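File shown: start_17.csv (CSV, C-alpha atoms).
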```
chain,number,residue,atom,x,y,z
N,25,MET,CA,35.3,79.5,9.9
N,26,HIS,CA,31.6,79.6,9.0
N,27,GLU,CA,30.3,79.3,5.5
N,28,ASN,CA,26.8,80.3,4.3
N,29,ARG,CA,25.4,77.4,2.3
N,30,ASP,CA,21.9,76.3,1.5
N,31,SER,CA,20.7,73.5,3.7
N,32,THR,CA,20.7,70.2,2.0
N,33,ASP,CA,18.8,67.0,2.9
N,34,ALA,CA,21.5,64.3,3.3
N,35,LEU,CA,19.1,61.7,1.9
N,36,GLU,CA,19.3,63.5,-1.5
N,37,ILE,CA,22.9,62.2,-1.9
N,38,TYR,CA,21.7,58.7,-2.1
N,39,LYS,CA,19.0,59.2,-4.7
N,40,LEU,CA,19.6,57.8,-8.1
N,41,PRO,CA,19.9,60.3,-11.0
N,42,ALA,CA,16.7,61.1,-12.8
N,43,THR,CA,17.8,59.1,-15.9
N,44,PHE,CA,17.9,55.9,-13.8
N,45,SER,CA,14.8,56.6,-11.8
N,46,LEU,CA,12.6,57.5,-14.8
N,47,ASP,CA,13.6,55.2,-17.6
N,48,ASN,CA,11.1,52.4,-18.4
N,49,LEU,CA,8.6,53.5,-15.7
N,50,LYS,CA,5.2,52.5,-17.0
N,51,ALA,CA,3.1,54.7,-14.7
N,52,LEU,CA,1.8,57.9,-16.4
N,53,GLN,CA,1.2,59.8,-13.2
N,54,LEU,CA,4.5,59.6,-11.4
N,55,SER,CA,5.0,59.7,-7.6
N,56,ASP,CA,5.8,62.9,-5.9
N,57,ASP,CA,9.4,61.9,-5.2
N,58,LEU,CA,10.0,61.7,-9.0
N,59,VAL,CA,8.3,65.0,-9.8
N,60,THR,CA,11.5,67.1,-9.5
N,61,SER,CA,13.3,69.6,-11.6
N,62,PRO,CA,16.0,67.0,-12.7
N,63,GLY,CA,13.1,64.7,-13.6
N,64,ARG,CA,11.5,67.3,-15.8
N,65,ASN,CA,14.8,68.2,-17.4
N,66,HIS,CA,15.5,64.5,-18.1
N,67,LEU,CA,12.1,64.0,-19.8
N,68,ALA,CA,12.5,67.2,-21.9
N,69,HIS,CA,15.9,66.0,-23.2
N,70,HIS,CA,14.6,62.5,-23.8
N,71,ILE,CA,11.6,63.7,-25.8
N,72,ARG,CA,13.7,66.0,-27.9
N,73,ARG,CA,15.6,62.9,-29.0
N,74,TYR,CA,12.7,60.4,-29.0
N,75,PRO,CA,9.5,62.5,-29.7
N,76,LEU,CA,7.5,59.3,-30.4
N,77,ASP,CA,7.9,57.9,-26.9
N,78,LEU,CA,4.3,58.6,-26.0
N,79,ARG,CA,4.6,57.3,-22.5
N,80,ALA,CA,7.4,59.8,-21.7
N,81,GLN,CA,5.4,62.5,-23.5
N,82,VAL,CA,2.3,62.0,-21.2
N,83,GLN,CA,4.5,61.6,-18.1
N,84,ARG,CA,6.1,64.9,-18.9
N,85,VAL,CA,2.8,66.8,-19.4
N,86,LEU,CA,1.4,65.5,-16.2
N,87,MET,CA,4.6,66.2,-14.3
N,88,ASN,CA,4.4,69.8,-15.4
N,89,LYS,CA,0.7,70.2,-14.5
N,90,ASP,CA,1.5,73.0,-12.0
N,91,GLN,CA,4.5,74.4,-13.8
N,92,SER,CA,5.1,77.2,-16.2
N,93,ASP,CA,6.3,74.7,-18.9
N,94,LEU,CA,2.9,72.9,-19.0
N,95,ALA,CA,1.7,74.5,-22.3
N,96,GLY,CA,5.1,73.8,-24.0
N,97,ALA,CA,5.1,70.1,-22.8
N,98,LEU,CA,1.5,69.7,-24.2
N,99,GLN,CA,2.5,71.4,-27.4
N,100,ASP,CA,5.3,68.9,-27.8
N,101,LEU,CA,2.9,66.0,-27.5
N,102,PHE,CA,0.6,67.6,-30.2
N,103,ILE,CA,3.6,68.2,-32.5
N,104,ALA,CA,4.9,64.7,-32.2
N,105,LEU,CA,1.6,63.1,-33.0
N,106,LYS,CA,0.5,65.6,-35.7
N,107,ASP,CA,-3.0,64.3,-36.7
N,108,ASN,CA,-2.5,60.9,-35.1
N,109,GLY,CA,-3.6,59.9,-31.6
N,110,HIS,CA,-6.6,62.2,-31.5
N,111,LYS,CA,-8.2,60.4,-28.5
N,112,LEU,CA,-4.9,60.4,-26.6
N,113,ARG,CA,-4.5,64.2,-27.2
N,114,GLU,CA,-8.1,64.8,-26.1
N,115,LEU,CA,-7.6,62.8,-22.8
N,116,VAL,CA,-4.3,64.5,-21.9
N,117,PHE,CA,-5.7,67.9,-22.7
N,118,ALA,CA,-8.7,67.3,-20.5
N,119,GLN,CA,-6.4,66.2,-17.6
N,120,VAL,CA,-4.5,69.5,-17.6
N,121,SER,CA,-7.0,71.9,-19.1
N,122,ALA,CA,-7.9,73.6,-15.8
N,123,HIS,CA,-4.2,74.5,-15.3
N,124,LEU,CA,-3.9,76.3,-18.7
N,125,SER,CA,-4.6,79.9,-19.4
N,126,ASP,CA,-7.7,80.8,-21.3
N,127,GLU,CA,-5.6,81.6,-24.3
N,128,HIS,CA,-3.8,78.3,-24.3
N,129,ARG,CA,-7.1,76.4,-23.7
N,130,GLN,CA,-8.5,78.0,-26.9
N,131,TYR,CA,-5.3,77.3,-28.8
N,132,PHE,CA,-5.3,73.5,-28.1
N,133,SER,CA,-9.1,73.2,-28.5
N,134,ALA,CA,-8.8,74.7,-31.9
N,135,TRP,CA,-5.9,72.4,-32.7
N,136,LEU,CA,-7.9,69.4,-31.8
N,137,GLU,CA,-10.8,70.6,-33.9
N,138,HIS,CA,-9.0,71.7,-37.0
N,139,GLY,CA,-5.9,69.4,-37.1
N,140,PHE,CA,-2.2,70.0,-37.3
N,141,ASP,CA,-2.0,72.1,-40.5
N,142,GLN,CA,-4.3,74.7,-39.1
N,143,GLY,CA,-3.7,74.2,-35.4
N,144,TYR,CA,0.1,74.5,-35.3
N,145,ASP,CA,1.0,78.1,-36.2
N,146,ASP,CA,4.7,78.0,-35.6
N,147,ARG,CA,4.5,79.7,-32.2
N,148,PHE,CA,6.9,78.7,-29.4
N,149,MET,CA,5.6,78.0,-25.9
N,150,THR,CA,7.8,78.1,-22.9
N,151,GLY,CA,9.1,74.6,-22.2
N,152,SER,CA,8.6,73.2,-25.7
N,153,VAL,CA,11.6,71.2,-27.1
N,154,LEU,CA,10.0,70.4,-30.5
N,155,ALA,CA,8.5,73.8,-31.6
N,156,THR,CA,10.2,75.9,-34.3
N,157,GLY,CA,11.2,78.6,-31.7
N,158,LEU,CA,9.1,81.4,-33.2
N,159,PRO,CA,7.1,83.6,-30.8
N,160,GLN,CA,4.3,83.9,-33.3
N,161,LYS,CA,3.3,82.6,-36.7
N,162,ALA,CA,6.0,82.8,-39.3
N,163,TYR,CA,5.5,85.0,-42.4
N,164,PRO,CA,7.8,84.9,-45.4
N,165,LEU,CA,10.1,87.8,-46.0
N,166,ILE,CA,9.6,87.5,-49.8
N,167,THR,CA,6.2,86.6,-51.3
N,168,LEU,CA,6.6,83.6,-53.5
N,169,ALA,CA,4.2,81.9,-55.8
N,170,ALA,CA,2.0,79.5,-54.0
N,171,ARG,CA,3.6,76.1,-53.6
N,172,GLU,CA,1.8,73.1,-55.0
N,173,LYS,CA,0.4,70.7,-52.5
N,174,THR,CA,2.4,67.6,-51.9
N,175,THR,CA,1.5,64.6,-53.9
N,176,TYR,CA,2.5,62.2,-51.2
N,177,THR,CA,-0.3,60.0,-50.0
N,178,SER,CA,1.4,58.8,-46.9
N,179,TYR,CA,4.5,59.2,-44.8
N,180,TYR,CA,5.7,55.9,-46.4
N,181,GLN,CA,5.8,57.5,-49.9
N,182,GLU,CA,7.7,60.5,-48.6
N,183,ALA,CA,10.1,58.3,-46.7
N,184,VAL,CA,11.0,56.4,-49.9
N,185,ASP,CA,11.9,59.6,-51.6
N,186,CYS,CA,14.0,60.6,-48.6
N,187,LEU,CA,15.9,57.4,-48.8
N,188,GLU,CA,16.7,57.9,-52.4
N,189,TYR,CA,18.3,61.2,-51.5
N,190,GLY,CA,20.2,59.7,-48.6
N,191,GLN,CA,18.1,61.5,-45.9
N,192,LEU,CA,18.2,58.5,-43.6
N,193,GLU,CA,17.2,60.2,-40.3
N,194,VAL,CA,14.2,62.0,-41.9
N,195,ALA,CA,13.1,58.8,-43.6
N,196,GLN,CA,13.3,56.8,-40.3
N,197,GLU,CA,11.1,59.4,-38.6
N,198,LEU,CA,8.5,59.4,-41.4
N,199,LEU,CA,8.4,55.6,-41.4
N,200,GLU,CA,8.0,55.6,-37.6
N,201,GLN,CA,5.0,58.0,-38.0
N,202,GLU,CA,3.5,55.7,-40.6
N,203,MET,CA,4.1,52.6,-38.5
N,204,LEU,CA,2.1,54.1,-35.6
N,205,ASN,CA,-0.9,54.3,-37.8
N,206,PRO,CA,-2.7,50.9,-37.7
N,207,GLU,CA,-4.1,51.7,-41.2
N,208,GLY,CA,-0.8,52.8,-42.6
N,209,ASP,CA,1.0,51.4,-45.7
N,210,PRO,CA,1.7,47.7,-45.1
N,211,ARG,CA,5.1,48.1,-46.7
N,212,THR,CA,6.3,50.4,-43.9
N,213,GLU,CA,7.3,47.6,-41.5
N,214,GLU,CA,9.7,45.9,-43.9
N,215,GLU,CA,11.3,49.3,-45.0
N,216,LEU,CA,11.6,50.6,-41.4
N,217,LEU,CA,13.3,47.4,-40.2
N,218,ARG,CA,15.7,47.7,-43.1
N,219,VAL,CA,16.5,51.2,-42.0
N,220,TYR,CA,17.0,50.2,-38.4
N,221,SER,CA,19.3,47.4,-39.6
N,222,TYR,CA,21.4,49.8,-41.6
N,223,SER,CA,21.6,52.6,-39.0
N,224,LYS,CA,21.9,50.1,-36.1
N,225,ASP,CA,19.6,52.4,-34.1
N,226,TYR,CA,18.3,49.6,-32.0
N,227,GLU,CA,17.3,51.9,-29.1
N,228,SER,CA,14.7,53.6,-31.3
N,229,GLN,CA,13.6,50.1,-32.7
N,230,GLU,CA,13.0,48.8,-29.2
N,231,ARG,CA,11.1,51.9,-28.1
N,232,LEU,CA,8.8,51.8,-31.1
N,233,ARG,CA,8.3,48.1,-30.7
N,234,SER,CA,7.1,48.7,-27.1
N,235,LEU,CA,4.7,51.3,-28.3
N,236,LEU,CA,3.3,49.0,-31.0
N,237,GLN,CA,2.9,46.2,-28.6
N,238,GLU,CA,1.0,48.5,-26.3
N,239,GLN,CA,-1.4,49.1,-29.2
N,240,GLY,CA,-1.9,45.4,-29.4
N,241,ARG,CA,-0.2,45.1,-32.8
N,242,GLU,CA,1.2,41.8,-34.0
N,243,LEU,CA,4.8,42.2,-35.0
N,244,SER,CA,7.0,40.1,-37.3
N,245,PRO,CA,10.1,38.3,-35.9
N,246,GLY,CA,12.2,41.0,-37.6
N,247,TRP,CA,11.5,43.3,-34.6
N,248,ASP,CA,13.6,41.0,-32.3
N,249,LEU,CA,16.8,42.8,-31.6
N,250,PRO,CA,20.1,41.1,-32.6
N,251,ARG,CA,22.0,39.2,-29.9
N,252,THR,CA,24.8,41.2,-28.3
N,253,ASP,CA,26.4,38.5,-26.2
N,254,ASN,CA,29.7,36.8,-27.1
N,255,ALA,CA,28.4,33.3,-26.9
N,256,ASN,CA,29.9,30.9,-29.4
```

Encoded form using structure tokens:
Amino acid sequence: MHENRDSTDALEIYKLPATFSLDNLKALQLSDDLVTSPGRNHLAHHIRRYPLDLRAQVQRVLMNKDQSDLAGALQDLFIALKDNGHKLRELVFAQVSAHLSDEHRQYFSAWLEHGFDQGYDDRFMTGSVLATGLPQKAYPLITLAAREKTTYTSYYQEAVDCLEYGQLEVAQELLEQEMLNPEGDPRTEEELLRVYSYSKDYESQERLRSLLQEQGRELSPGWDLPRTDNAN
């Protein structure tokens, strides 16, 4: 009895899953054997959960250089950083600009020039995991009175209010954004460590610590993760 099956390279059986092969790789431009569909899917899921892992963000953009998801991957990097990391966004955009359509090149160029508020227009690009999911700019169904501009002077101030209302996850994300800014509110570090301690989200704490160390930031001992061994 003969069965029609797609030919499979037997060596593929012995390859580690993408999650093991890609985790903690420091290289931004990954080798060809890692640039696979499972690898792209792994980084997409990872960035959806940890949008501030900038190494993974850049790896994913470069991995999609010749793929239809390139614009969406680049959009996710821009969304995650908002108005931070301008130089990084410029460098990554320059690396892949030739692979983008004219429309997308104009879109990201304008975003770099005018900032997040004017640059991000709610549109969804194929491959994005952080966009709002709208095919074009959103318009309200009912016209409301103009909303007053926020009085928050930093992500820290907004995070403090979120904590008062029990919005722990939102507060943590805001504090992480503020922490990535070298000129951010100096009270952020203590507050964020308190949130990590309460939520026990040590994975996020470790990832952010690595990013801050890459920036050359001096961190307090509070960033050391608690011991998990059972030594007496």

9 Å contact set for N:Leu105, all atoms listed in the file, chain neighbours under 3 positions out, as a tab-separated table (two decimals) with C-alpha atoms, keeping the file's coordinate frame:
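As written to disk, around_33.tsv reads:
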```tsv
chain	number	residue	atom	x	y	z
N	75	PRO	CA	9.50	62.50	-29.70
N	76	LEU	CA	7.50	59.30	-30.40
N	78	LEU	CA	4.30	58.60	-26.00
N	100	ASP	CA	5.30	68.90	-27.80
N	101	LEU	CA	2.90	66.00	-27.50
N	102	PHE	CA	0.60	67.60	-30.20
N	108	ASN	CA	-2.50	60.90	-35.10
N	109	GLY	CA	-3.60	59.90	-31.60
N	110	HIS	CA	-6.60	62.20	-31.50
N	113	ARG	CA	-4.50	64.20	-27.20
N	140	PHE	CA	-2.20	70.00	-37.30
N	201	GLN	CA	5.00	58.00	-38.00
```

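The residue set within 8 Å of stretch 216-220 of chain N, counting only C-alpha atoms and dropping same-chain residues fewer than 4 places from it, reads Leu192, Gln196, Leu199, Glu200, Thr212, Lys224, Asp225, Tyr226, Gln229, Gly246 and Trp247 of chain N.
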
Selected residue of minimal separation from N:Tyr179 among N:Val120, N:Ala155, N:Leu204, N:Val85, counting only C-alpha atoms: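 Checking each of N:Val120, N:Ala155, N:Leu204, N:Val85 against N:Tyr179, counting only C-alpha atoms, the winner is N:Leu204.
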
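Among N:His66, N:Lys111, N:Gln119, N:Gln142, the residue with the shortest atom-to-atom distance to N:Lys89, counting only C-alpha atoms, is N:Gln119.
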
Counting all atoms listed in the file, the option among N:Glu227, N:Val153, N:Leu124, N:Lys106 closest to N:Asp141: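 Residue with the minimum atom-to-atom distance to N:Asp141: N:Lys106.
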
Selected residue of minimal separation from N:Glu137 among N:Gln91, N:Asp107, N:Gln181, N:Gln83, counting all atoms listed in the file: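 Ranked by minimum distance to N:Glu137, first place goes to N:Asp107.
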
Rows by chain and residue number, stretch 111-219 of chain N within 10 Å of stretch 92-97 of chain N, shortest pair, all atoms listed in the file, as JSON lines:
```
{"residue": "N:Phe117", "atom": "CA", "partner": "N:Ala95", "partner_atom": "CA", "distance": 9.9}
{"residue": "N:Val120", "atom": "CA", "partner": "N:Leu94", "partner_atom": "CA", "distance": 8.3}
{"residue": "N:Ser121", "atom": "CA", "partner": "N:Ala95", "partner_atom": "CA", "distance": 9.6}
{"residue": "N:His123", "atom": "CA", "partner": "N:Leu94", "partner_atom": "CA", "distance": 8.2}
{"residue": "N:Leu124", "atom": "CA", "partner": "N:Ala95", "partner_atom": "CA", "distance": 6.9}
{"residue": "N:Ser125", "atom": "CA", "partner": "N:Ala95", "partner_atom": "CA", "distance": 8.8}
{"residue": "N:His128", "atom": "CA", "partner": "N:Ala95", "partner_atom": "CA", "distance": 7.0}
{"residue": "N:Arg129", "atom": "CA", "partner": "N:Ala95", "partner_atom": "CA", "distance": 9.1}
{"residue": "N:Tyr131", "atom": "CA", "partner": "N:Ala95", "partner_atom": "CA", "distance": 10.0}
{"residue": "N:Phe132", "atom": "CA", "partner": "N:Ala95", "partner_atom": "CA", "distance": 9.1}
{"residue": "N:Phe148", "atom": "CA", "partner": "N:Gly96", "partner_atom": "CA", "distance": 7.5}
{"residue": "N:Met149", "atom": "CA", "partner": "N:Gly96", "partner_atom": "CA", "distance": 4.6}
{"residue": "N:Thr150", "atom": "CA", "partner": "N:Gly96", "partner_atom": "CA", "distance": 5.2}
{"residue": "N:Gly151", "atom": "CA", "partner": "N:Asp93", "partner_atom": "CA", "distance": 4.3}
{"residue": "N:Ser152", "atom": "CA", "partner": "N:Gly96", "partner_atom": "CA", "distance": 3.9}
{"residue": "N:Val153", "atom": "CA", "partner": "N:Gly96", "partner_atom": "CA", "distance": 7.7}
{"residue": "N:Leu154", "atom": "CA", "partner": "N:Gly96", "partner_atom": "CA", "distance": 8.8}
{"residue": "N:Ala155", "atom": "CA", "partner": "N:Gly96", "partner_atom": "CA", "distance": 8.3}
```

Atom CA of N:Leu243 to atom CA of N:Ser228: how many Å, to one decimal?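 Going from atom CA of N:Leu243 over to atom CA of N:Ser228, I get 15.5 Å.
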
Would you compute the distance between atom CA of N:Leu235 and atom CA of N:Thr177? Give it in Å to one decimal.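 One can read the atom CA of N:Leu235 to atom CA of N:Thr177 distance as 23.9 Å.
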
In Å to one decimal, how far is atom CA of N:Gly143 from atom CA of N:Arg72?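 One can read the atom CA of N:Arg72 to atom CA of N:Gly143 distance as 20.6 Å.
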
Could you pull the residues within 7 Å of N:Arg84, counting only C-alpha atoms, minus those fewer than 2 positions along the same chain, as a PyMOL selection string? chain N and resi 64+67+80-82+86-88+97

Using all atoms listed in the file, which residue out of N:Leu249, N:Leu112, N:Tyr176, N:Gln99 lies closest to N:Tyr144?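 Ranking N:Leu249, N:Leu112, N:Tyr176, N:Gln99 by distance to N:Tyr144, first place goes to N:Gln99.
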